Amino acid sequence: MKARYKTIVDELAASIRCGDLPAGTRLPTHRALSGEKHVSLATATRVYAELESMGLVSGETGRGTFVREISLPAGLGIDQQIVATDVLDLNFNYPALPEQTDLLRDALRQLTTSGDLAALLRYQPHAGRLNDRETIASHLAHAGITASADDVLIVNGAQHGLAITVMGLFKPGDVIAVDALTYSGFKTLAAAFNLELEAIPVSEVGPDLNALRALCQRRRVRAVYTMPTLHNPLGWVLNSDQRKEIAAIAREHDLLVIEDAAYAFLASNPPPPLAFFAPERTIYVTGFSKNIATGLRVGAVVCPALYRTRLERAIRVTTWNTPSLMTSLVCGWIRDGTVNRLESLKREDAQRRQNIAREVLKPLPYISHPASYFLWLPLAEEVRAESVVRSLLEKNISTSTAEPFTASQNVPHAIRIALGSVSEDLLYQALITVRETIEYEQYRS
C-alpha cells in the first residue's frame, strides 16, 4: 500500500505537470498543508522536500514554497544547448573578434612550413612540451604568477584544468568552500565527483571571509574554490587585503586554494593573484578560450611541486596530453604578441558591451564589472526568474536563472546575462527585450 505522503506528492506533482498549479504559485505553508491533508507537520515537510528533489517546487526562506517553471530545457545554464540559428545566446559566452579567422589561417600556414611539423603527430609529455610550458610561464608572469616551466601543466582548457584538480587532489565526501553564487561548471564537477560544497555568503564586493573562517572552525574543509579576479557571475575583483585574508585562512586551516582565473585578463591592473600570496597551496587555473577563441581548448594549471605528479596522472587518465597543434598555435601567438593584443581588444569590446547594457538596462538594478562579458540581474521580489527566462525563450533569447550558479539552498530570483556571443547591434535589441520582459512581469505581478 502506498504511503500517505507519497499519495500527496503524486497528487501535487500531477497538478503541477498538467498546469493546474502554474509556475509561480505559492503553495500552502507546511502547517497549512498538514491541516488540509490531515497529516503531521513532519509528513508535510517530507512532501515538499520530495517535490523539491523532483525539481517541481522551490522553497524560499521567509517567503514559502513555490511551483517552479518546468517548461525550461533541462540543464539550462549548465549544459550548452543546441539552439536554432535565430535564437540569440545570452547564456554562454564565446567572444570573438572579426580578425581571428584570418589569424588562424595565417598561423596554420606558418605551421605547415615549420621544421617541427612531424612532432605534432606524436604523443607529447602529459604536462606538455618544455618549450611550450616555458612560453606559458613567461606569459603568466604578466598576471603576477611567478612560475617556472616545471610548475606549469598544459590542459584542454580551464574546465579541464578544474577537472584534473578535482580528480587528482580530492576524494568523495571532501568538503570544498565556494561562494554562495559561483561558476556553474565547478558545481557540475563537484556533483560528478561527489564532493560536498559549503556555501560562503556573498555581497557585491566579495565573499564573507568571517563566515569562511567560522566554517573552517566548524567543519573539516579541504579547499576553497575562488575567482578573485572577475568573479563569474558577480564580476567582483577582490582587493589585496581580501586576498591576504583568504591566504591567511588557508594557512591557518590547511586549505588548498583553487584559483579560477578564466576571466582575469579582462581586469586592468588587478592586485596580485592568490597564488602570489599563498604559492605553496594554490592551484592556479586559467585558459585561452575567452581571450583567444573558445574552440581552441588550451589552458594551464600552475601548481606547487607537491601536487604535480597527481595532476599529471589525471591528465594522462583523461586525455593523455593536450593536442600539440593547439598548443603550438597558442604559444606562437603568445610569442609574437598576438595574445596580448587580443586581450586588449577584448577588454575594449567588453567595455563597449557593458556600456550598451548600462544604457538599455538603466531603469533596472544589476551587478557587473565595467569590463566583464556578463552581468547579474536581481529581480523584484514578486517576479519569478523562471517566468522571465521562459518568456525570453519564447522570444528567441536564451538566458539563465540563478539556479545553476547557486551553491546554497536559497536560490535568488535573478538572471545572468552573457554579453559576448552576439553582435553589438543584436545585443542592444536583445537587452531591450530583456528589460521590457522584466518590466512586464513586474507589472503583471
# chains A, B, ... in the order shown; residues from 1 in each chain; ligands from 1
call {"tool": "select_by_dssp", "arguments": {"residues": "stretch 214-399 of chain A", "states": "strand (DSSP E)", "output": "list of chain:residue names"}}
result
A:Val221, A:Arg222, A:Ala223, A:Val224, A:Tyr225, A:Thr226, A:Leu256, A:Val257, A:Ile258, A:Glu259, A:Asp260, A:Thr282, A:Ile283, A:Tyr284, A:Val285, A:Thr286, A:Gly287, A:Gly299, A:Ala300, A:Val301, A:Val302, A:Phe374, A:Leu375, A:Trp376, A:Leu377, A:Pro378, A:Ile397, A:Ser398
call {"tool": "write_last_selection", "arguments": {"atoms": "N, CA, C and O atoms", "output": "JSON list (two decimals), in the first residue's frame"}}
result
[["chain", "number", "residue", "atom", "x", "y", "z"],
["A", 221, "VAL", "N", 37.24, 21.39, 6.29],
["A", 221, "VAL", "CA", 37.20, 21.86, 4.90],
["A", 221, "VAL", "C", 38.53, 21.56, 4.24],
["A", 221, "VAL", "O", 39.59, 21.87, 4.79],
["A", 222, "ARG", "N", 38.50, 20.97, 3.06],
["A", 222, "ARG", "CA", 39.73, 20.59, 2.37],
["A", 222, "ARG", "C", 40.27, 21.72, 1.49],
["A", 222, "ARG", "O", 41.47, 21.82, 1.27],
["A", 223, "ALA", "N", 39.36, 22.54, 0.94],
["A", 223, "ALA", "CA", 39.82, 23.55, -0.03],
["A", 223, "ALA", "C", 38.79, 24.66, -0.14],
["A", 223, "ALA", "O", 37.64, 24.52, 0.28],
["A", 224, "VAL", "N", 39.23, 25.76, -0.72],
["A", 224, "VAL", "CA", 38.33, 26.84, -1.08],
["A", 224, "VAL", "C", 38.50, 27.11, -2.57],
["A", 224, "VAL", "O", 39.63, 27.22, -3.07],
["A", 225, "TYR", "N", 37.38, 27.14, -3.29],
["A", 225, "TYR", "CA", 37.38, 27.47, -4.72],
["A", 225, "TYR", "C", 36.96, 28.92, -4.86],
["A", 225, "TYR", "O", 35.92, 29.34, -4.33],
["A", 226, "THR", "N", 37.76, 29.71, -5.57],
["A", 226, "THR", "CA", 37.50, 31.14, -5.61],
["A", 226, "THR", "C", 37.89, 31.74, -6.95],
["A", 226, "THR", "O", 38.77, 31.23, -7.65],
["A", 256, "LEU", "N", 43.68, 23.84, 0.67],
["A", 256, "LEU", "CA", 44.12, 24.12, -0.69],
["A", 256, "LEU", "C", 43.29, 25.27, -1.23],
["A", 256, "LEU", "O", 42.12, 25.43, -0.88],
["A", 257, "VAL", "N", 43.88, 26.08, -2.09],
["A", 257, "VAL", "CA", 43.18, 27.17, -2.75],
["A", 257, "VAL", "C", 43.12, 26.86, -4.24],
["A", 257, "VAL", "O", 44.16, 26.65, -4.87],
["A", 258, "ILE", "N", 41.91, 26.79, -4.79],
["A", 258, "ILE", "CA", 41.73, 26.62, -6.23],
["A", 258, "ILE", "C", 41.36, 27.99, -6.79],
["A", 258, "ILE", "O", 40.26, 28.50, -6.54],
["A", 259, "GLU", "N", 42.29, 28.59, -7.51],
["A", 259, "GLU", "CA", 42.08, 29.94, -8.04],
["A", 259, "GLU", "C", 41.72, 29.86, -9.52],
["A", 259, "GLU", "O", 42.55, 29.47, -10.35],
["A", 260, "ASP", "N", 40.50, 30.24, -9.85],
["A", 260, "ASP", "CA", 40.00, 30.21, -11.22],
["A", 260, "ASP", "C", 40.19, 31.60, -11.83],
["A", 260, "ASP", "O", 39.56, 32.56, -11.40],
["A", 282, "THR", "N", 48.31, 26.96, -3.57],
["A", 282, "THR", "CA", 47.34, 27.43, -4.56],
["A", 282, "THR", "C", 47.49, 26.68, -5.88],
["A", 282, "THR", "O", 48.60, 26.57, -6.42],
["A", 283, "ILE", "N", 46.37, 26.19, -6.38],
["A", 283, "ILE", "CA", 46.29, 25.63, -7.74],
["A", 283, "ILE", "C", 45.67, 26.72, -8.61],
["A", 283, "ILE", "O", 44.49, 27.06, -8.45],
["A", 284, "TYR", "N", 46.45, 27.29, -9.50],
["A", 284, "TYR", "CA", 46.01, 28.41, -10.34],
["A", 284, "TYR", "C", 45.59, 27.85, -11.69],
["A", 284, "TYR", "O", 46.37, 27.17, -12.37],
["A", 285, "VAL", "N", 44.34, 28.12, -12.10],
["A", 285, "VAL", "CA", 43.78, 27.56, -13.32],
["A", 285, "VAL", "C", 43.36, 28.68, -14.25],
["A", 285, "VAL", "O", 42.63, 29.60, -13.86],
["A", 286, "THR", "N", 43.84, 28.62, -15.48],
["A", 286, "THR", "CA", 43.46, 29.63, -16.47],
["A", 286, "THR", "C", 43.33, 28.96, -17.83],
["A", 286, "THR", "O", 43.61, 27.76, -17.98],
["A", 287, "GLY", "N", 42.88, 29.73, -18.81],
["A", 287, "GLY", "CA", 42.69, 29.16, -20.14],
["A", 287, "GLY", "C", 42.87, 30.21, -21.21],
["A", 287, "GLY", "O", 43.02, 31.40, -20.93],
["A", 299, "GLY", "N", 44.52, 25.34, -22.00],
["A", 299, "GLY", "CA", 44.56, 26.03, -20.72],
["A", 299, "GLY", "C", 45.83, 25.67, -19.99],
["A", 299, "GLY", "O", 46.68, 24.93, -20.50],
["A", 300, "ALA", "N", 45.97, 26.20, -18.78],
["A", 300, "ALA", "CA", 47.17, 25.94, -18.00],
["A", 300, "ALA", "C", 46.82, 25.85, -16.53],
["A", 300, "ALA", "O", 45.94, 26.56, -16.04],
["A", 301, "VAL", "N", 47.50, 24.95, -15.84],
["A", 301, "VAL", "CA", 47.41, 24.83, -14.39],
["A", 301, "VAL", "C", 48.81, 25.07, -13.84],
["A", 301, "VAL", "O", 49.77, 24.47, -14.29],
["A", 302, "VAL", "N", 48.89, 25.99, -12.87],
["A", 302, "VAL", "CA", 50.16, 26.23, -12.17],
["A", 302, "VAL", "C", 49.98, 25.67, -10.77],
["A", 302, "VAL", "O", 49.03, 26.03, -10.06],
["A", 374, "PHE", "N", 29.61, 39.59, -18.75],
["A", 374, "PHE", "CA", 28.34, 39.12, -18.21],
["A", 374, "PHE", "C", 27.84, 40.10, -17.17],
["A", 374, "PHE", "O", 28.59, 40.97, -16.70],
["A", 375, "LEU", "N", 26.59, 39.95, -16.80],
["A", 375, "LEU", "CA", 26.03, 40.77, -15.72],
["A", 375, "LEU", "C", 24.97, 39.95, -14.99],
["A", 375, "LEU", "O", 24.44, 38.96, -15.51],
["A", 376, "TRP", "N", 24.67, 40.39, -13.78],
["A", 376, "TRP", "CA", 23.74, 39.71, -12.88],
["A", 376, "TRP", "C", 22.58, 40.65, -12.61],
["A", 376, "TRP", "O", 22.77, 41.76, -12.17],
["A", 377, "LEU", "N", 21.37, 40.16, -12.92],
["A", 377, "LEU", "CA", 20.17, 40.99, -12.81],
["A", 377, "LEU", "C", 19.26, 40.45, -11.70],
["A", 377, "LEU", "O", 18.47, 39.54, -11.93],
["A", 378, "PRO", "N", 19.35, 41.00, -10.48],
["A", 378, "PRO", "CA", 18.40, 40.60, -9.44],
["A", 378, "PRO", "C", 17.00, 41.08, -9.82],
["A", 378, "PRO", "O", 16.85, 42.17, -10.38],
["A", 397, "ILE", "N", 15.40, 34.38, -27.18],
["A", 397, "ILE", "CA", 16.55, 34.87, -26.42],
["A", 397, "ILE", "C", 16.82, 33.90, -25.29],
["A", 397, "ILE", "O", 15.93, 33.64, -24.47],
["A", 398, "SER", "N", 18.02, 33.35, -25.25],
["A", 398, "SER", "CA", 18.38, 32.37, -24.23],
["A", 398, "SER", "C", 19.17, 33.03, -23.12],
["A", 398, "SER", "O", 20.20, 33.66, -23.36]]
call {"tool": "residues_around", "arguments": {"residues": "stretch 125-138 of chain A", "least_positions_apart": "3", "cutoff": "8 Å", "atoms": "only C-alpha atoms", "output": "ChimeraX atom specification"}}
result
/A:141-142,145-150,152-155,300,312-313,315-316,320-322,327-328,331,334-335
call {"tool": "residues_around", "arguments": {"residues": "A:Val39", "least_positions_apart": "3", "cutoff": "12 Å", "atoms": "only C-alpha atoms", "output": "VMD selection string"}}
result
chain A and resid 3 to 8 30 to 36 42 to 47
call {"tool": "residues_around", "arguments": {"residues": "stretch 267-273 of chain A", "least_positions_apart": "4", "cutoff": "8 Å", "atoms": "only C-alpha atoms", "output": "ChimeraX atom specification"}}
result
/A:143-145,228-230,237-240,243,263,277,347,371-372
call {"tool": "write_last_selection", "arguments": {"atoms": "C-alpha atoms", "output": "JSON list (two decimals), in the first residue's frame"}}
result
[["chain", "number", "residue", "atom", "x", "y", "z"],
["A", 143, "ALA", "CA", 49.43, 38.30, -14.46],
["A", 144, "GLY", "CA", 51.67, 38.23, -11.39],
["A", 145, "ILE", "CA", 52.40, 34.49, -11.50],
["A", 228, "PRO", "CA", 39.26, 36.67, -7.02],
["A", 229, "THR", "CA", 39.68, 38.48, -10.33],
["A", 230, "LEU", "CA", 36.50, 38.90, -12.40],
["A", 237, "VAL", "CA", 37.75, 41.93, -8.18],
["A", 238, "LEU", "CA", 38.93, 41.29, -4.63],
["A", 239, "ASN", "CA", 41.35, 43.82, -3.17],
["A", 240, "SER", "CA", 44.76, 42.92, -1.75],
["A", 243, "ARG", "CA", 43.31, 38.13, -0.90],
["A", 263, "TYR", "CA", 38.21, 35.86, -16.99],
["A", 277, "PHE", "CA", 50.07, 35.33, -1.54],
["A", 347, "ARG", "CA", 38.79, 44.36, -22.86],
["A", 371, "ALA", "CA", 34.93, 45.22, -18.40],
["A", 372, "SER", "CA", 33.20, 41.85, -17.99]]
call {"tool": "closest_residue", "arguments": {"among": "A:Leu431, A:Leu342, A:Ile200, A:Ala278", "to": "A:Ala214", "atoms": "only C-alpha atoms"}}
result
A:Ile200
call {"tool": "closest_residue", "arguments": {"among": "A:Lys244, A:Arg105, A:Asp174, A:His231", "to": "A:Arg219", "atoms": "only C-alpha atoms"}}
result
A:Asp174
